file upload36.cif (mmCIF, C-alpha atoms)
data_upload
loop_
_atom_site.label_atom_id
_atom_site.label_comp_id
_atom_site.auth_asym_id
_atom_site.auth_seq_id
_atom_site.Cartn_x
_atom_site.Cartn_y
_atom_site.Cartn_z
CA MET A 1 -18.21 -5.30 -14.33
CA LYS A 2 -17.08 -3.13 -11.44
CA SER A 3 -14.09 -0.84 -11.78
CA ALA A 4 -10.71 -2.41 -11.08
CA LYS A 5 -9.36 -2.19 -7.54
CA ASN A 6 -5.90 -0.68 -7.20
CA ILE A 7 -4.13 -2.69 -4.53
CA LEU A 8 -0.74 -1.11 -5.26
CA GLN A 9 -1.21 2.16 -3.43
CA PRO A 10 -0.50 3.28 0.16
CA GLU A 11 -3.17 1.82 2.41
CA HIS A 12 -3.40 0.97 6.12
CA ARG A 13 -6.61 -1.03 5.70
CA ALA A 14 -6.13 -4.78 5.61
CA LEU A 15 -6.03 -6.20 2.09
CA LYS A 16 -8.88 -8.71 1.84
CA THR A 17 -7.32 -11.66 0.05
CA GLY A 18 -8.39 -15.07 -1.16
CA VAL A 19 -5.78 -17.79 -1.68
CA LEU A 20 -7.13 -20.34 -4.16
CA VAL A 21 -5.11 -23.51 -3.59
CA LEU A 22 -5.32 -26.34 -6.11
CA ASP A 23 -4.33 -29.98 -5.84
CA GLU A 24 -0.71 -30.81 -6.66
CA CYS A 25 0.67 -27.33 -6.15
CA ASN A 26 4.09 -27.05 -4.54
CA THR A 27 4.32 -26.37 -0.82
CA LEU A 28 6.97 -23.70 -1.37
CA SER A 29 4.75 -21.83 -3.83
CA PHE A 30 1.88 -21.98 -1.33
CA ALA A 31 4.13 -20.70 1.46
CA ALA A 32 5.51 -17.96 -0.81
CA ALA A 33 2.01 -16.53 -1.08
CA VAL A 34 0.99 -16.91 2.55
CA ASP A 35 4.08 -16.39 4.70
CA PRO A 36 4.86 -12.83 3.57
CA MET A 37 1.28 -11.90 4.56
CA ARG A 38 1.71 -13.59 7.94
CA ALA A 39 5.04 -11.85 8.49
CA ALA A 40 3.58 -8.47 7.53
CA ASN A 41 0.77 -8.92 10.04
CA ARG A 42 3.26 -9.87 12.73
CA LEU A 43 5.50 -6.86 12.14
CA ALA A 44 2.63 -4.41 11.77
CA ASP A 45 0.88 -5.82 14.85
CA ARG A 46 -2.35 -5.15 12.99
CA PRO A 47 -4.00 -6.80 10.01
CA ALA A 48 -2.05 -5.80 6.92
CA PHE A 49 -3.72 -8.77 5.20
CA ASP A 50 -6.97 -10.59 5.92
CA TRP A 51 -7.05 -13.81 3.94
CA ASP A 52 -9.19 -16.90 3.41
CA TYR A 53 -8.18 -20.18 1.86
CA VAL A 54 -10.28 -21.20 -1.11
CA THR A 55 -10.40 -24.55 -2.92
CA ALA A 56 -11.96 -25.58 -6.22
CA THR A 57 -14.86 -27.60 -4.78
CA GLY A 58 -14.67 -27.23 -1.00
CA THR A 59 -12.73 -30.44 -0.44
CA PRO A 60 -9.21 -29.87 0.92
CA ALA A 61 -6.49 -29.25 -1.65
CA HIS A 62 -3.64 -31.75 -1.39
CA LEU A 63 -0.18 -30.34 -2.05
CA THR A 64 2.65 -32.33 -3.61
CA SER A 65 4.14 -32.73 -0.11
CA GLY A 66 0.99 -34.44 1.14
CA LEU A 67 -0.24 -31.47 3.13
CA ALA A 68 -3.99 -30.85 2.96
CA VAL A 69 -5.34 -27.29 2.88
CA PRO A 70 -9.06 -26.91 3.66
CA GLY A 71 -10.87 -23.91 2.25
CA ILE A 72 -14.07 -22.24 1.17
CA PRO A 73 -15.49 -23.57 -2.11
CA LEU A 74 -14.75 -21.13 -4.92
CA ALA A 75 -18.46 -21.04 -5.83
CA ARG A 76 -19.27 -19.69 -2.35
CA PHE A 77 -16.38 -17.23 -2.12
CA GLU A 78 -18.02 -13.84 -2.48
CA ASP A 79 -15.63 -10.93 -2.58
CA CYS A 80 -12.02 -9.90 -2.12
CA ASP A 81 -9.53 -7.22 -3.10
CA LEU A 82 -7.01 -9.79 -4.34
CA LEU A 83 -7.36 -13.43 -5.39
CA ILE A 84 -4.11 -15.40 -5.54
CA VAL A 85 -4.25 -18.59 -7.60
CA VAL A 86 -1.61 -21.15 -6.57
CA ALA A 87 -1.34 -24.12 -8.93
CA GLY A 88 1.29 -26.63 -9.98
CA PHE A 89 0.70 -29.78 -11.99
CA GLN A 90 -2.30 -31.22 -13.88
CA LEU A 91 -3.42 -27.77 -15.04
CA ALA A 92 -5.66 -29.09 -17.82
CA ARG A 93 -7.54 -31.18 -15.27
CA HIS A 94 -7.98 -28.18 -12.99
CA ALA A 95 -9.29 -25.90 -15.76
CA THR A 96 -12.90 -27.04 -15.37
CA PRO A 97 -15.78 -24.86 -16.61
CA SER A 98 -16.86 -24.23 -13.02
CA LEU A 99 -13.38 -23.11 -11.91
CA LEU A 100 -12.92 -20.81 -14.91
CA ALA A 101 -16.40 -19.35 -14.34
CA GLY A 102 -15.50 -18.75 -10.71
CA LEU A 103 -12.37 -16.88 -11.69
CA ARG A 104 -14.33 -14.72 -14.14
CA ARG A 105 -16.94 -13.99 -11.46
CA ILE A 106 -14.28 -12.77 -9.02
CA ALA A 107 -12.64 -10.71 -11.78
CA ALA A 108 -15.99 -9.06 -12.52
CA THR A 109 -16.03 -7.62 -8.99
CA GLY A 110 -12.93 -5.58 -9.87
CA ALA A 111 -10.61 -7.68 -7.72
CA ALA A 112 -6.95 -7.93 -8.60
CA LEU A 113 -5.91 -11.43 -9.69
CA ALA A 114 -2.51 -13.00 -9.12
CA GLY A 115 -1.16 -16.30 -10.41
CA ILE A 116 1.77 -18.24 -8.97
CA ASP A 117 3.61 -21.07 -10.72
CA GLY A 118 0.78 -22.70 -12.73
CA GLY A 119 -1.73 -20.07 -11.61
CA PRO A 120 -1.10 -17.79 -14.62
CA TRP A 121 -2.09 -20.67 -16.94
CA LEU A 122 -5.51 -20.95 -15.31
CA LEU A 123 -6.03 -17.17 -15.42
CA ALA A 124 -5.18 -17.25 -19.12
CA GLU A 125 -7.55 -20.18 -19.73
CA ALA A 126 -10.29 -18.01 -18.23
CA ASP A 127 -9.38 -15.25 -20.74
CA LEU A 128 -8.39 -13.01 -17.83
CA LEU A 129 -4.90 -12.25 -19.15
CA ASP A 130 -5.91 -11.26 -22.68
CA GLN A 131 -4.26 -7.95 -23.67
CA HIS A 132 -2.09 -8.15 -20.53
CA SER A 133 1.60 -8.88 -20.01
CA ALA A 134 2.24 -11.99 -17.97
CA THR A 135 4.79 -14.61 -17.03
CA THR A 136 4.76 -18.16 -15.73
CA HIS A 137 7.31 -20.78 -14.71
CA TRP A 138 10.20 -21.03 -17.16
CA GLU A 139 9.39 -24.67 -17.93
CA ASP A 140 6.05 -23.60 -19.42
CA LEU A 141 6.92 -20.27 -21.05
CA ASP A 142 7.09 -21.48 -24.64
CA ASN A 143 3.92 -23.57 -24.41
CA PHE A 144 2.20 -20.70 -22.61
CA SER A 145 3.12 -18.27 -25.38
CA ASN A 146 1.85 -20.61 -28.09
CA ARG A 147 -1.35 -21.44 -26.24
CA PHE A 148 -2.34 -17.85 -25.43
CA PRO A 149 -1.49 -15.55 -28.38
CA ASP A 150 -3.48 -12.66 -26.88
CA VAL A 151 -1.16 -12.53 -23.85
CA THR A 152 2.15 -10.67 -24.04
CA VAL A 153 4.41 -13.31 -22.52
CA LEU A 154 7.47 -12.11 -20.58
CA ARG A 155 10.38 -14.09 -19.23
CA ASP A 156 10.46 -11.83 -16.16
CA ARG A 157 10.56 -13.22 -12.63
CA PHE A 158 7.19 -11.62 -11.99
CA ALA A 159 5.01 -9.28 -14.00
CA ILE A 160 2.41 -6.66 -13.19
CA SER A 161 -0.08 -5.51 -15.81
CA GLY A 162 -2.94 -3.40 -14.52
CA ASN A 163 -4.54 -5.43 -11.75
CA ARG A 164 -3.07 -8.70 -12.98
CA LEU A 165 0.03 -10.08 -11.26
CA THR A 166 1.84 -13.22 -12.36
CA SER A 167 4.89 -15.00 -10.99
CA GLY A 168 7.26 -17.58 -12.40
CA GLY A 169 7.66 -19.67 -9.26
CA ALA A 170 8.11 -19.65 -5.50
CA MET A 171 11.01 -17.23 -5.05
CA PRO A 172 9.62 -14.70 -7.56
CA ALA A 173 6.28 -15.07 -5.74
CA ILE A 174 7.92 -13.89 -2.53
CA GLU A 175 9.32 -10.93 -4.47
CA MET A 176 5.85 -10.22 -5.88
CA MET A 177 4.31 -10.30 -2.40
CA LEU A 178 7.05 -8.01 -1.08
CA HIS A 179 6.29 -5.65 -3.96
CA ILE A 180 2.64 -5.51 -2.85
CA ILE A 181 3.71 -4.90 0.75
CA SER A 182 6.11 -2.17 -0.34
CA ALA A 183 3.46 -0.41 -2.42
CA ARG A 184 0.94 -0.45 0.42
CA HIS A 185 3.16 0.03 3.49
CA GLY A 186 6.46 1.46 2.24
CA ALA A 187 9.78 0.08 1.08
CA GLY A 188 11.27 0.21 4.56
CA PHE A 189 8.51 -1.95 6.00
CA ALA A 190 8.83 -4.42 3.12
CA ALA A 191 12.58 -4.63 3.82
CA ARG A 192 11.81 -5.54 7.43
CA VAL A 193 9.44 -8.28 6.27
CA SER A 194 12.16 -9.52 3.93
CA GLY A 195 14.61 -9.51 6.83
CA LEU A 196 12.46 -11.95 8.80
CA PHE A 197 13.25 -14.55 6.16
CA LEU A 198 16.96 -13.58 6.07
CA TYR A 199 16.21 -12.72 2.46
CA ASP A 200 18.74 -10.21 1.22
CA GLY A 201 16.59 -8.55 -1.40
CA ALA A 202 15.39 -9.35 -4.87
CA PRO A 203 16.81 -8.73 -8.31
CA ALA A 204 14.71 -6.56 -10.57
CA PRO A 205 11.44 -8.28 -11.49
CA THR A 206 12.34 -7.86 -15.17
CA LYS A 207 15.49 -9.98 -14.75
CA PRO A 208 14.89 -13.09 -16.86
CA GLN A 209 14.13 -16.31 -15.01
CA SER A 210 17.17 -18.51 -14.55
CA ARG A 211 17.18 -22.25 -15.03
CA THR A 212 20.17 -22.61 -12.72
CA GLY A 213 18.65 -20.71 -9.81
CA ALA A 214 21.93 -19.01 -8.88
CA PRO A 215 21.59 -17.46 -5.40
CA HIS A 216 21.37 -13.71 -4.99
CA ARG A 217 24.18 -12.54 -2.70
CA HIS A 218 23.94 -9.88 -0.06
CA ASN A 219 25.59 -6.57 -0.89
CA ALA A 220 28.40 -5.93 1.58
CA LEU A 221 28.06 -2.15 1.22
CA THR A 222 24.39 -2.00 2.21
CA ALA A 223 24.99 -4.48 5.05
CA LYS A 224 27.79 -2.35 6.49
CA ALA A 225 25.70 0.81 6.11
CA ASN A 226 22.83 -0.91 7.90
CA ALA A 227 25.14 -1.86 10.78
CA LEU A 228 26.28 1.75 11.14
CA MET A 229 22.67 2.92 11.17
CA GLU A 230 21.61 0.39 13.78
CA ALA A 231 24.49 1.48 16.02
CA ALA A 232 23.41 5.14 15.86
CA LEU A 233 19.62 5.24 16.15
CA ASP A 234 19.64 7.94 18.82
CA GLU A 235 21.88 10.32 16.87
CA PRO A 236 21.31 9.59 13.17
CA LEU A 237 24.42 9.87 11.07
CA PRO A 238 24.39 12.08 7.97
CA LEU A 239 24.48 10.14 4.73
CA THR A 240 27.78 11.80 3.82
CA GLN A 241 29.35 10.53 7.05
CA ILE A 242 28.13 6.98 6.44
CA ALA A 243 29.50 7.09 2.91
CA ASP A 244 32.86 8.49 4.08
CA THR A 245 33.14 5.78 6.75
CA LEU A 246 32.55 3.11 4.12
CA GLY A 247 34.92 4.72 1.61
CA THR A 248 32.27 5.39 -0.98
CA SER A 249 30.16 8.28 -2.23
CA PRO A 250 26.61 9.20 -1.18
CA ARG A 251 25.50 8.67 -4.77
CA THR A 252 26.86 5.11 -4.83
CA LEU A 253 25.20 4.39 -1.51
CA GLN A 254 21.89 5.70 -2.89
CA GLN A 255 22.24 3.53 -5.98
CA GLN A 256 23.05 0.39 -4.02
CA PHE A 257 20.16 0.80 -1.60
CA ARG A 258 17.80 1.35 -4.53
CA LEU A 259 19.19 -1.66 -6.38
CA ARG A 260 19.29 -4.05 -3.43
CA LEU A 261 16.47 -2.92 -1.16
CA ASN A 262 14.30 -0.81 -3.48
CA THR A 263 14.50 2.12 -1.09
CA THR A 264 16.78 5.01 -0.17
CA PRO A 265 19.32 5.00 2.67
CA GLN A 266 17.37 7.80 4.33
CA ASP A 267 14.07 5.90 4.28
CA HIS A 268 15.77 2.69 5.39
CA TYR A 269 17.37 4.55 8.31
CA LEU A 270 14.03 6.12 9.25
CA GLN A 271 12.30 2.73 9.19
CA LEU A 272 14.98 1.26 11.48
CA ARG A 273 14.45 4.11 13.94
CA LEU A 274 10.67 3.78 13.82
CA ALA A 275 10.85 0.01 14.28
CA GLU A 276 12.96 0.55 17.41
CA ALA A 277 10.53 3.24 18.56
CA ARG A 278 7.66 0.79 18.23
CA ARG A 279 9.55 -1.80 20.27
CA LEU A 280 10.32 0.72 23.02
CA VAL A 281 6.72 1.92 23.16
CA ALA A 282 5.32 -1.62 23.27
CA ASP A 283 7.90 -3.36 25.46
CA THR A 284 9.22 -0.74 27.91
CA ASP A 285 7.95 1.88 30.34
CA MET A 286 10.05 4.68 28.84
CA SER A 287 8.23 7.97 28.46
CA LEU A 288 7.25 8.82 24.92
CA MET A 289 9.64 11.78 24.96
CA ASP A 290 12.50 9.48 25.97
CA VAL A 291 11.50 7.07 23.21
CA ALA A 292 11.60 9.94 20.74
CA LEU A 293 15.08 10.99 21.90
CA ALA A 294 16.33 7.38 21.88
CA THR A 295 15.36 7.05 18.24
CA GLY A 296 16.77 10.33 16.99
CA PHE A 297 13.75 12.66 17.06
CA THR A 298 14.45 16.08 18.51
CA SER A 299 10.81 17.04 18.95
CA GLN A 300 7.74 15.21 20.18
CA SER A 301 5.64 16.52 17.31
CA SER A 302 7.95 15.19 14.56
CA PHE A 303 8.15 11.86 16.36
CA ALA A 304 4.37 11.65 16.67
CA ARG A 305 3.82 12.38 12.96
CA ALA A 306 6.42 9.89 11.80
CA PHE A 307 5.19 7.18 14.18
CA ARG A 308 1.56 7.49 13.08
CA THR A 309 2.52 7.51 9.41
CA ALA A 310 4.63 4.36 9.81
CA HIS A 311 2.39 2.36 12.11
CA GLY A 312 -1.12 3.63 11.48
CA LEU A 313 -1.76 4.68 15.07
CA SER A 314 -0.18 7.01 17.59
CA ALA A 315 2.49 5.93 20.05
CA ARG A 316 0.12 6.86 22.88
CA ASP A 317 -2.64 4.65 21.46
CA LEU A 318 -0.23 1.75 21.03
CA ARG A 319 0.95 2.12 24.62
CA GLN A 320 -2.66 2.07 25.80
CA GLU A 321 -3.39 -1.05 23.75
CA GLN A 322 -0.41 -2.82 25.27
CA THR A 323 -1.60 -1.85 28.74
CA LEU A 324 -5.06 -3.30 28.07
CA HIS A 325 -3.53 -6.58 26.94
#

call {"tool": "encode", "arguments": {"input": "upload36.cif", "output": "structure tokens"}}
result
Amino acid sequence: MKSAKNILQPEHRALKTGVLVLDECNTLSFAAAVDPMRAANRLADRPAFDWDYVTATGTPAHLTSGLAVPGIPLARFEDCDLLIVVAGFQLARHATPSLLAGLRRIAATGAALAGIDGGPWLLAEADLLDQHSATTHWEDLDNFSNRFPDVTVLRDRFAISGNRLTSGGAMPAIEMMLHIISARHGAGFAARVSGLFLYDGAPAPTKPQSRTGAPHRHNALTAKANALMEAALDEPLPLTQIADTLGTSPRTLQQQFRLRLNTTPQDHYLQLRLAEARRLVADTDMSLMDVALATGFTSQSSFARAFRTAHGLSARDLRQEQTLH
């Protein structure tokens, strides 16, 4: 067995991913795995993820909505950094010897394995969650715990144990995918991906799953702070000034950004400025120095370093790419 791949570390290289889709999985769970990857690629304007669809036998998987997803047969799927297993109903029928052997073969390459909804059950059936912590959908938690005594079963929304990731359903799966994006590309970038869905941020992954599905409400303090930041990208406001304007303390602002967005106000502000810088470089003819000044950088060198760190290429190279297109 090859050494385990650590997918939860800063990395500009695209994460090679397989999405194993099984019959009778929910459309929302499928989308929860795929759409954050699509959104990340769109925002990054480069491959943050490179994924293939995989099915059990090579015939299209039919979701509960009637949608059909064609894919590579699992037996012919060779290698990936991450395999996401999306399953729903009829798990005993899906747990064939050939499917379980395929999962073990992928695991032996060192790939990280993730299960969504019923996916954790299949990973456990393949003995791939033994001695790991894991979760699954709240409807199945008790049966899951009884069936797999060698798995430490959590009631968390999603769980990470080594290179095993498990999620309790569609919304926690989005949170799990955003966690991967944050680990690889930064909390600010993950917040931007979240913003594309008008998703106001996740509760802590260790918050127990709720049977009522009560909605998570946006924090008015972080929203107002964000509005102040967006209005002053060219002359960034000190954190103390933002806090004073909002009638709070810098410490409270730090705590709320960490709680709601899993980042700091400073990093969030920087990511807003760098996102605007990218837009100006790609969509306008402004000089790079003017772009730097318009986004609050007082020197070209500091702008260049921050831009390359955030976007994986220089502003000059991006401008040239846009010209070629």

call {"tool": "closest_residue", "arguments": {"input": "upload36.cif", "among": "A:Leu103, A:Leu165, A:Val153, A:Ala170", "to": "Cys25 (chain A)", "atoms": "all atoms listed in the file"}}
result
A:Ala170

call {"tool": "resolve_selection", "arguments": {"input": "upload36.cif", "expression": "the PyMOL selection byres ((chain A and resi 309-320) around 8)", "output": "ChimeraX atom specification"}}
result
/A:12,44,185,271,274,278,281-282,288,304-308,321-324

call {"tool": "closest_residue", "arguments": {"input": "upload36.cif", "among": "A:Ala95, A:Ala56, A:Leu129, A:Ala173", "to": "Val34 (chain A)", "atoms": "only C-alpha atoms"}}
result
A:Ala173

call {"tool": "resolve_selection", "arguments": {"input": "upload36.cif", "expression": "the PyMOL selection byres ((chain A and resi 10) around 10)", "output": "ChimeraX atom specification"}}
result
/A:6-9,11-13,180-186

call {"tool": "write_last_selection", "arguments": {"input": "upload36.cif", "atoms": "C-alpha atoms", "output": "compact mmCIF listing (two decimals), in the frame of the given file"}}
result
# COMPACT_ATOMS: atom_id res chain seq x y z
CA ASN A 6 -5.90 -0.68 -7.20
CA ILE A 7 -4.13 -2.69 -4.53
CA LEU A 8 -0.74 -1.11 -5.26
CA GLN A 9 -1.21 2.16 -3.43
CA GLU A 11 -3.17 1.82 2.41
CA HIS A 12 -3.40 0.97 6.12
CA ARG A 13 -6.61 -1.03 5.70
CA ILE A 180 2.64 -5.51 -2.85
CA ILE A 181 3.71 -4.90 0.75
CA SER A 182 6.11 -2.17 -0.34
CA ALA A 183 3.46 -0.41 -2.42
CA ARG A 184 0.94 -0.45 0.42
CA HIS A 185 3.16 0.03 3.49
CA GLY A 186 6.46 1.46 2.24

call {"tool": "residues_around", "arguments": {"input": "upload36.cif", "residues": "Asn262 (chain A)", "least_positions_apart": "4", "cutoff": "7 Å", "atoms": "all atoms listed in the file", "output": "compact mmCIF listing (two decimals) with C-alpha atoms, keeping the file's coordinate frame"}}
result
# COMPACT_ATOMS: atom_id res chain seq x y z
CA ALA A 187 9.78 0.08 1.08
CA PHE A 257 20.16 0.80 -1.60
CA ARG A 258 17.80 1.35 -4.53

call {"tool": "residues_around", "arguments": {"input": "upload36.cif", "residues": "Ala225 (chain A)", "least_positions_apart": "4", "cutoff": "7 Å", "atoms": "only C-alpha atoms", "output": "PyMOL selection string"}}
result
chain A and resi 221+229+242

call {"tool": "atom_distance", "arguments": {"input": "upload36.cif", "atom1": "CA of Ala126 (chain A)", "atom2": "CA of Ala159 (chain A)"}}
result
18.1 Å

call {"tool": "atom_distance", "arguments": {"input": "upload36.cif", "atom1": "CA of Gly88 (chain A)", "atom2": "CA of Arg42 (chain A)"}}
result
28.3 Å

call {"tool": "resolve_selection", "arguments": {"input": "upload36.cif", "expression": "the PyMOL selection byres ((chain A and resi 21) around 8)", "output": "PyMOL selection string"}}
result
chain A and resi 19-20+22-23+25+30+53-56+61+69+85-87

call {"tool": "closest_residue", "arguments": {"input": "upload36.cif", "among": "A:Asp150, A:Gly188, A:Ala48, A:Ser287", "to": "Leu270 (chain A)", "atoms": "all atoms listed in the file"}}
result
A:Gly188

call {"tool": "closest_residue", "arguments": {"input": "upload36.cif", "among": "A:Asp79, A:His132, A:Ala14, A:Gly169", "to": "Asn26 (chain A)", "atoms": "only C-alpha atoms"}}
result
A:Gly169
